[in-house]
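Visitor: Data: protein32.txt, compact mmCIF, C-alpha atoms and all ligand atoms.
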# COMPACT_ATOMS: atom_id res chain seq x y z
CA MET A 291 0.00 0.00 0.00
CA GLN A 292 1.11 3.51 -0.84
CA LEU A 293 1.15 4.99 2.67
CA ASN A 294 2.54 2.10 4.72
CA ALA A 295 5.35 4.03 6.39
CA ARG A 296 3.24 7.09 7.12
CA ILE A 297 1.95 8.43 10.42
CA ALA A 298 -0.67 10.99 9.41
CA LEU A 299 -2.27 13.59 11.64
CA VAL A 300 -5.54 15.02 10.28
CA THR A 301 -7.32 18.02 11.82
CA GLY A 302 -11.11 18.37 11.75
CA ALA A 303 -11.34 14.65 11.04
CA GLY A 304 -14.49 14.02 13.05
CA SER A 305 -16.81 14.46 10.08
CA GLY A 306 -17.13 15.47 6.42
CA ILE A 307 -14.00 15.80 4.31
CA GLY A 308 -11.62 15.28 7.25
CA GLN A 309 -13.25 11.97 8.12
CA ALA A 310 -12.98 10.80 4.50
CA ILE A 311 -9.31 11.83 4.48
CA ALA A 312 -8.59 9.90 7.69
CA VAL A 313 -10.38 6.78 6.40
CA THR A 314 -8.70 6.95 2.98
CA LEU A 315 -5.19 7.40 4.42
CA ALA A 316 -5.80 4.43 6.73
CA GLU A 317 -7.09 2.32 3.82
CA GLN A 318 -3.80 3.05 2.08
CA GLY A 319 -1.79 1.81 5.06
CA ALA A 320 -1.09 4.94 7.13
CA LYS A 321 -1.41 5.01 10.91
CA VAL A 322 -3.83 7.89 11.44
CA ILE A 323 -4.02 10.37 14.30
CA VAL A 324 -7.59 11.58 14.11
CA THR A 325 -8.10 15.00 15.70
CA ASP A 326 -11.16 17.23 15.94
CA MET A 327 -12.41 19.97 18.27
CA SER A 328 -14.99 17.36 19.23
CA ALA A 329 -13.18 14.50 20.96
CA GLU A 330 -16.35 12.43 20.56
CA LEU A 331 -16.46 12.86 16.77
CA ALA A 332 -12.73 12.15 16.54
CA ALA A 333 -13.23 8.91 18.48
CA GLN A 334 -16.08 7.92 16.12
CA THR A 335 -13.83 8.33 13.07
CA ALA A 336 -11.04 6.36 14.76
CA LYS A 337 -13.52 3.55 15.51
CA LEU A 338 -14.65 3.54 11.88
CA ILE A 339 -11.01 2.98 10.85
CA GLN A 340 -10.36 0.35 13.53
CA ASP A 341 -13.52 -1.52 12.50
CA GLN A 342 -11.99 -1.77 9.00
CA HIS A 343 -8.77 -3.17 10.58
CA GLY A 344 -6.90 0.11 10.18
CA VAL A 345 -4.73 1.79 12.81
CA ALA A 346 -6.07 5.02 14.33
CA PHE A 347 -5.75 7.05 17.52
CA SER A 348 -8.02 9.96 18.41
CA TYR A 349 -7.58 13.24 20.25
CA GLY A 350 -9.79 16.23 20.95
CA MET A 351 -7.85 19.16 19.47
CA ASN A 352 -9.23 22.59 18.67
CA VAL A 353 -6.91 24.31 16.17
CA CYS A 354 -7.66 27.64 17.93
CA GLU A 355 -6.39 26.37 21.30
CA PRO A 356 -2.56 26.36 21.51
CA GLU A 357 -2.60 24.40 24.79
CA GLN A 358 -4.60 21.57 23.24
CA ILE A 359 -2.23 21.45 20.26
CA ALA A 360 0.79 21.36 22.59
CA HIS A 361 -0.83 18.59 24.64
CA VAL A 362 -1.39 16.38 21.58
CA ARG A 363 2.17 17.05 20.40
CA GLU A 364 3.60 16.04 23.78
CA GLN A 365 1.50 12.87 23.89
CA LEU A 366 2.60 11.83 20.42
CA LEU A 367 6.29 12.58 20.96
CA ALA A 368 6.22 10.59 24.21
CA GLN A 369 4.89 7.59 22.25
CA ASN A 370 7.39 8.00 19.40
CA MET A 371 4.47 8.83 17.11
CA ALA A 372 5.55 12.14 15.55
CA PRO A 373 3.56 12.50 12.32
CA ASN A 374 5.39 12.52 8.98
CA VAL A 375 2.18 13.55 7.21
CA LEU A 376 0.19 16.56 8.42
CA VAL A 377 -3.21 17.31 6.90
CA ASN A 378 -4.58 20.73 7.87
CA ASN A 379 -8.25 20.20 7.11
CA ALA A 380 -10.21 21.86 9.94
CA GLY A 381 -12.18 24.84 8.70
CA TRP A 382 -15.43 26.69 9.07
CA SER A 383 -17.51 29.21 7.15
CA THR A 384 -20.88 30.91 7.04
CA SER A 385 -22.49 32.77 4.16
CA GLN A 386 -23.14 36.46 4.85
CA ALA A 387 -22.73 39.72 2.91
CA PHE A 388 -19.44 41.43 3.79
CA LEU A 389 -21.23 44.63 4.87
CA LYS A 390 -23.18 42.63 7.47
CA ASN A 391 -20.08 40.93 8.94
CA THR A 392 -19.06 41.84 12.48
CA PRO A 393 -15.40 42.13 13.52
CA GLU A 394 -16.05 39.11 15.77
CA LEU A 395 -16.99 37.06 12.71
CA TRP A 396 -13.82 38.23 10.88
CA ASP A 397 -11.72 37.16 13.86
CA LYS A 398 -13.38 33.75 14.07
CA LEU A 399 -13.00 33.05 10.35
CA ILE A 400 -9.33 34.03 10.32
CA ASP A 401 -8.59 32.27 13.61
CA ILE A 402 -9.94 28.89 12.46
CA ASN A 403 -9.12 28.93 8.75
CA LEU A 404 -5.71 30.65 8.66
CA MET A 405 -4.24 30.88 12.17
CA GLY A 406 -5.37 27.31 12.88
CA VAL A 407 -3.25 26.06 9.99
CA ILE A 408 -0.28 28.20 11.07
CA ARG A 409 -0.48 27.01 14.72
CA VAL A 410 -0.81 23.32 13.93
CA THR A 411 1.89 23.43 11.25
CA ARG A 412 4.30 25.18 13.63
CA ALA A 413 3.69 22.54 16.30
CA PHE A 414 4.09 19.42 14.15
CA LEU A 415 6.59 20.60 11.57
CA GLU A 416 9.38 20.91 14.11
CA PRO A 417 9.51 17.19 15.00
CA MET A 418 9.08 16.36 11.29
CA VAL A 419 12.20 18.41 10.49
CA GLN A 420 14.12 17.03 13.48
CA SER A 421 13.42 13.43 12.40
CA GLU A 422 15.49 14.11 9.25
CA LYS A 423 13.25 11.63 7.42
CA GLY A 424 11.17 14.10 5.42
CA GLY A 425 7.42 14.16 5.16
CA SER A 426 4.40 15.89 3.68
CA VAL A 427 2.12 18.74 4.64
CA VAL A 428 -1.21 18.87 2.84
CA ASN A 429 -3.44 21.88 3.40
CA VAL A 430 -7.14 21.86 2.62
CA SER A 431 -7.97 25.34 1.36
CA SER A 432 -10.95 26.15 -0.87
CA ASP A 433 -11.68 27.34 -4.38
CA ALA A 434 -13.03 30.41 -2.54
CA GLY A 435 -9.37 31.26 -1.93
CA ARG A 436 -8.53 30.98 -5.64
CA VAL A 437 -11.49 32.56 -7.42
CA GLY A 438 -13.48 34.25 -4.61
CA SER A 439 -16.91 33.43 -3.20
CA SER A 440 -19.76 35.87 -2.77
CA GLY A 441 -20.90 35.93 0.88
CA GLU A 442 -17.58 34.43 2.03
CA SER A 443 -15.13 37.32 1.59
CA VAL A 444 -13.16 36.92 4.81
CA TYR A 445 -13.25 33.11 4.63
CA ALA A 446 -11.89 33.42 1.07
CA ALA A 447 -9.19 35.80 2.34
CA ALA A 448 -8.17 33.26 4.99
CA LYS A 449 -8.16 30.41 2.46
CA GLY A 450 -6.12 32.55 0.06
CA GLY A 451 -3.70 32.98 2.95
CA VAL A 452 -3.45 29.19 3.24
CA ILE A 453 -2.53 29.00 -0.45
CA ALA A 454 0.22 31.62 -0.02
CA LEU A 455 1.45 29.85 3.13
CA THR A 456 1.59 26.56 1.21
CA LYS A 457 3.79 28.02 -1.53
CA SER A 458 6.15 29.80 0.86
CA LEU A 459 6.56 26.81 3.17
CA ALA A 460 7.08 24.57 0.15
CA ARG A 461 10.08 26.69 -0.85
CA GLU A 462 11.45 26.78 2.69
CA LEU A 463 11.12 23.07 3.43
CA THR A 464 12.57 21.35 0.37
CA ARG A 465 15.93 21.25 2.17
CA TYR A 466 14.31 18.95 4.75
CA LYS A 467 12.69 16.70 2.11
CA ILE A 468 9.25 17.90 3.17
CA ASN A 469 6.78 18.74 0.43
CA VAL A 470 3.85 21.09 1.02
CA ASN A 471 0.79 21.07 -1.22
CA CYS A 472 -2.77 22.23 -1.14
CA VAL A 473 -6.12 20.76 -2.17
CA CYS A 474 -8.95 23.18 -2.94
CA PRO A 475 -12.32 21.46 -2.72
CA GLY A 476 -15.18 22.84 -4.73
CA PRO A 477 -18.67 22.46 -3.22
CA THR A 478 -18.58 19.14 -1.36
CA GLU A 479 -21.46 17.16 0.10
CA THR A 480 -20.95 17.85 3.85
CA GLN A 481 -22.81 19.61 6.66
CA LEU A 482 -20.77 22.76 5.91
CA LEU A 483 -22.27 22.93 2.40
CA ARG A 484 -25.79 22.12 3.62
CA ALA A 485 -25.62 24.94 6.20
CA ASN A 486 -26.04 27.39 3.27
CA PRO A 487 -29.48 28.56 2.04
CA GLU A 488 -31.13 26.00 -0.28
CA ASN A 489 -31.39 28.37 -3.28
CA TYR A 490 -27.66 29.10 -3.00
CA VAL A 491 -26.86 25.38 -2.94
CA GLU A 492 -29.10 24.77 -5.99
CA ALA A 493 -27.44 27.58 -7.94
CA LEU A 494 -24.01 26.17 -7.12
CA LEU A 495 -25.01 22.73 -8.42
CA LYS A 496 -26.14 24.20 -11.75
CA ALA A 497 -22.77 25.91 -12.18
CA ILE A 498 -20.73 22.67 -11.82
CA PRO A 499 -19.92 21.18 -15.25
CA MET A 500 -20.08 17.63 -13.81
CA ARG A 501 -23.52 18.44 -12.29
CA ARG A 502 -22.81 16.90 -8.91
CA PHE A 503 -21.23 18.02 -5.69
CA ALA A 504 -17.93 16.43 -4.72
CA ASP A 505 -18.12 13.39 -2.51
CA PRO A 506 -15.73 13.87 0.46
CA LYS A 507 -13.87 10.82 -0.90
CA ASP A 508 -13.04 12.77 -4.10
CA ILE A 509 -11.15 15.30 -1.98
CA ALA A 510 -9.55 12.58 0.16
CA GLN A 511 -8.03 10.85 -2.90
CA ALA A 512 -6.25 14.07 -3.88
CA VAL A 513 -4.91 14.49 -0.34
CA ALA A 514 -3.72 10.85 -0.33
CA TYR A 515 -1.81 11.47 -3.57
CA PHE A 516 0.02 14.50 -2.13
CA ALA A 517 0.87 12.45 1.00
CA SER A 518 2.31 9.56 -1.03
CA GLU A 519 5.77 8.70 -2.35
CA PRO A 520 4.69 9.22 -6.02
CA ALA A 521 4.16 12.91 -5.14
CA SER A 522 7.57 13.33 -3.52
CA TYR A 523 8.82 15.57 -6.39
CA VAL A 524 5.65 17.69 -6.28
CA THR A 525 5.62 20.72 -3.99
CA GLY A 526 3.95 24.12 -3.71
CA GLN A 527 1.04 22.98 -5.87
CA ILE A 528 -2.60 23.94 -5.58
CA MET A 529 -5.09 21.35 -6.89
CA SER A 530 -8.77 22.13 -7.31
CA VAL A 531 -11.11 19.17 -6.99
CA SER A 532 -14.34 20.73 -8.13
CA GLY A 533 -15.98 18.85 -11.00
CA GLY A 534 -14.67 21.49 -13.40
CA LEU A 535 -16.29 24.44 -11.57
CA THR A 536 -12.96 26.20 -11.34
CA MET A 537 -10.11 25.89 -13.82
CA ALA A 538 -7.63 28.31 -12.26
CA GLY A 539 -4.35 28.72 -14.14
N1 LIG B 601 -17.80 21.33 2.08
C1 LIG B 601 -17.40 22.16 1.16
O1 LIG B 601 -18.17 22.46 0.21
C2 LIG B 601 -16.02 22.76 1.19
C3 LIG B 601 -15.60 23.51 0.08
C4 LIG B 601 -14.35 24.07 0.09
C5 LIG B 601 -13.50 23.89 1.17
N2 LIG B 601 -13.94 23.16 2.24
C6 LIG B 601 -12.99 23.02 3.36
O2 LIG B 601 -12.84 21.65 3.66
C7 LIG B 601 -12.54 21.49 5.05
C8 LIG B 601 -13.51 20.50 5.67
O3 LIG B 601 -14.82 21.01 5.51
P1 LIG B 601 -16.12 20.09 5.68
O4 LIG B 601 -17.06 20.48 4.59
O5 LIG B 601 -15.74 18.67 5.87
O6 LIG B 601 -16.69 20.70 7.03
P2 LIG B 601 -17.56 20.00 8.17
O7 LIG B 601 -18.20 21.12 8.90
O8 LIG B 601 -18.41 18.92 7.58
O9 LIG B 601 -16.46 19.30 9.08
C9 LIG B 601 -15.48 20.08 9.70
C10 LIG B 601 -14.92 19.34 10.90
O10 LIG B 601 -13.95 20.21 11.47
C11 LIG B 601 -14.18 20.34 12.84
N3 LIG B 601 -13.75 21.65 13.27
C12 LIG B 601 -14.36 22.85 13.06
N4 LIG B 601 -13.68 23.82 13.65
C13 LIG B 601 -12.61 23.24 14.26
C14 LIG B 601 -11.55 23.74 15.05
N5 LIG B 601 -11.47 25.01 15.39
N6 LIG B 601 -10.61 22.86 15.48
C15 LIG B 601 -10.69 21.54 15.17
N7 LIG B 601 -11.70 21.02 14.48
C16 LIG B 601 -12.65 21.87 14.01
C17 LIG B 601 -15.65 20.10 13.05
O11 LIG B 601 -15.94 19.63 14.37
C18 LIG B 601 -15.97 19.06 11.97
O12 LIG B 601 -15.82 17.75 12.45
C19 LIG B 601 -12.62 22.90 5.66
O13 LIG B 601 -11.34 23.46 5.73
C20 LIG B 601 -13.46 23.66 4.65
O14 LIG B 601 -13.20 25.04 4.68
C21 LIG B 601 -15.17 22.60 2.29
Translate the structure described by the file into structure tokens.
Ligand SMILES: NC(=O)c1ccc[n+]([C@@H]2O[C@H](COP(=O)([O-])OP(=O)(O)OC[C@H]3O[C@@H](n4cnc5c(N)ncnc54)[C@H](O)[C@@H]3O)[C@@H](O)[C@H]2O)c1
Guide:
Amino acid sequence: MQLNARIALVTGAGSGIGQAIAVTLAEQGAKVIVTDMSAELAAQTAKLIQDQHGVAFSYGMNVCEPEQIAHVREQLLAQNMAPNVLVNNAGWSTSQAFLKNTPELWDKLIDINLMGVIRVTRAFLEPMVQSEKGGSVVNVSSDAGRVGSSGESVYAAAKGGVIALTKSLARELTRYKINVNCVCPGPTETQLLRANPENYVEALLKAIPMRRFADPKDIAQAVAYFASEPASYVTGQIMSVSGGLTMAG
């Protein structure tokens, strides 16, 4: 299997795309550290993997809480389980006109979607570098960060930040044999998508050339590729998985 030697930590893996990523990486042979702000949801995903004879451990970890991140890092290092694959998937959005946004909403969107990625990467990159064995960072951004999204201006700004972070880290980390890439899901069938107004969701569907929303598994396969040995010469790349909705150059 492609990911046999990998220990992969996935954030926001209690449901939706993150859960599909955790399950897919485990199916391909990785040991998976399932994390989510909900320890209960994380444990459910880990059980799903264990029931399929995969190897998974779960932790409650909110990407906005530095102490929780440090706690998970300490636990893993103590067990010789430093991840060599990091998937920054946790994210959140809500649809609202920019002129109606409050500063509190801006802060929340940037804290989860951009600072969360920065915090978690800082915490787990260090042991990855120190291991001198290389590794992969895969960030889950959004097509909102590439082409914009009406009603999601600040979310899109944060996701655009994740894309810029990906490219800069990719340049900085080649010397440690760590590649850094980014998957941009288009509209994907999860609770995050369904939290939008129904007419908005219908309009989105009509705009997708393939006329279906992504299945979380579609996104997970792209993440698994970036985490695998065949992608070891690929870094700083941004891949949209969107049924043809976006074809960014
Ligand atoms: N669903 C889509 O259409 C879509 C499109 C583009 C990008 N994305 C991105 O894909 C990623 C996953 O989205 P999804 O649709 O699976 O969402 P989801 O809401 O279905 O699942 C997100 C998971 O992340 C967890 N989470 C939320 N905030 C967290 C935090 N602060 N710390 C740790 N965990 C947290 C939640 O508990 C949940 O289990 C996000 O980064 C999202 O922005 C989703």
Visitor: Dump as CSV the rows for residues of chain A within 6 Å of ligand LIG 601 (chain B): closest atom pair and distance in Å with one decimal, only C-alpha atoms and all ligand atoms counted, ordered by chain and rising residue number.
Guide:
residue,atom,partner,partner_atom,distance
A:Thr301,CA,B:LIG601,C15,5.9
A:Gly302,CA,B:LIG601,O10,3.4
A:Ala303,CA,B:LIG601,O12,5.6
A:Gly304,CA,B:LIG601,O12,4.0
A:Ser305,CA,B:LIG601,O12,4.2
A:Gly306,CA,B:LIG601,O5,3.5
A:Ile307,CA,B:LIG601,O5,3.7
A:Gly308,CA,B:LIG601,O5,5.5
A:Asp326,CA,B:LIG601,N7,4.1
A:Met327,CA,B:LIG601,C15,3.9
A:Ser328,CA,B:LIG601,O11,5.4
A:Met351,CA,B:LIG601,C15,5.7
A:Asn352,CA,B:LIG601,N6,3.5
A:Val353,CA,B:LIG601,N6,4.0
A:Cys354,CA,B:LIG601,N5,5.3
A:Asn379,CA,B:LIG601,O13,4.7
A:Ala380,CA,B:LIG601,O10,4.4
A:Gly381,CA,B:LIG601,O13,3.4
A:Trp382,CA,B:LIG601,O14,5.2
A:Ile402,CA,B:LIG601,N5,5.1
A:Val430,CA,B:LIG601,O13,5.5
A:Ser431,CA,B:LIG601,C5,5.7
A:Ser432,CA,B:LIG601,C5,4.0
A:Pro475,CA,B:LIG601,C4,4.3
A:Gly476,CA,B:LIG601,C3,4.9
A:Pro477,CA,B:LIG601,O1,3.5
A:Thr478,CA,B:LIG601,O1,3.7
A:Glu479,CA,B:LIG601,N1,5.9
A:Thr480,CA,B:LIG601,O8,4.6
A:Gln481,CA,B:LIG601,O8,4.5
A:Leu482,CA,B:LIG601,O7,4.3
A:Leu483,CA,B:LIG601,O1,4.7
Visitor: Atom CA of Ile323 of chain A and atom CA of Phe414 of chain A are how many Å apart?
Guide: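 Computing it gives 12.2 Å between the two atoms.
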Visitor: Can you measure atom CA of Ser518 of chain A to atom CA of Lys449 of chain A for me? One decimal in Å is fine.
Guide: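 Rounded to one decimal, the two atoms are 23.6 Å apart.
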Visitor: List as a list in words the protein and nucleic acid residues near Tyr515 of chain A, meaning an atom at most 12 Å away when all atoms listed in the file are counted, but skip any in the same chain fewer than 4 places from it.
Guide: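 Close residues of Tyr515 of chain A: Gln292, Leu293, Ile311, Thr314, Leu315, Gln318, Val375, Ser426, Val427, Val428, Asn469, Asn471, Cys472, Val473, Asp508, Ile509, Ala510, Gln511, Glu519, Pro520, Ala521, Ser522, Tyr523, Val524, Thr525 and Met529 of chain A.
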Visitor: Report the distance between atom CA of Ala448 of chain A and atom CA of Val300 of chain A in Å, rounded to one decimal place.
Guide: 19.2 Å
Visitor: Do you know which residues are at most 7 Å from Val324 of chain A counting only C-alpha atoms, after dropping those on the same chain fewer than 3 positions away, and could you put them as a PyMOL selection string?
Guide: chain A and resi 299-301+303+312+332+336+346-349
Visitor: Axis-aligned box over every listed atom of segment 468-475 of chain A, padded by 3 Å per side: centre and edges in Å to one decimal, as JSON?
Guide:
{"center_x": -1.5, "center_y": 20.5, "center_z": 0.1, "size_x": 27.6, "size_y": 11.3, "size_z": 12.1}
Visitor: Rank nothing, just name the residue among A:Ser383, A:Ser530, A:Asn403, A:Thr325 nearest to Gly350 of chain A, using only C-alpha atoms.
Guide: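 Looking only at the distances to Gly350 of chain A, the closest residue turns out to be A:Thr325.
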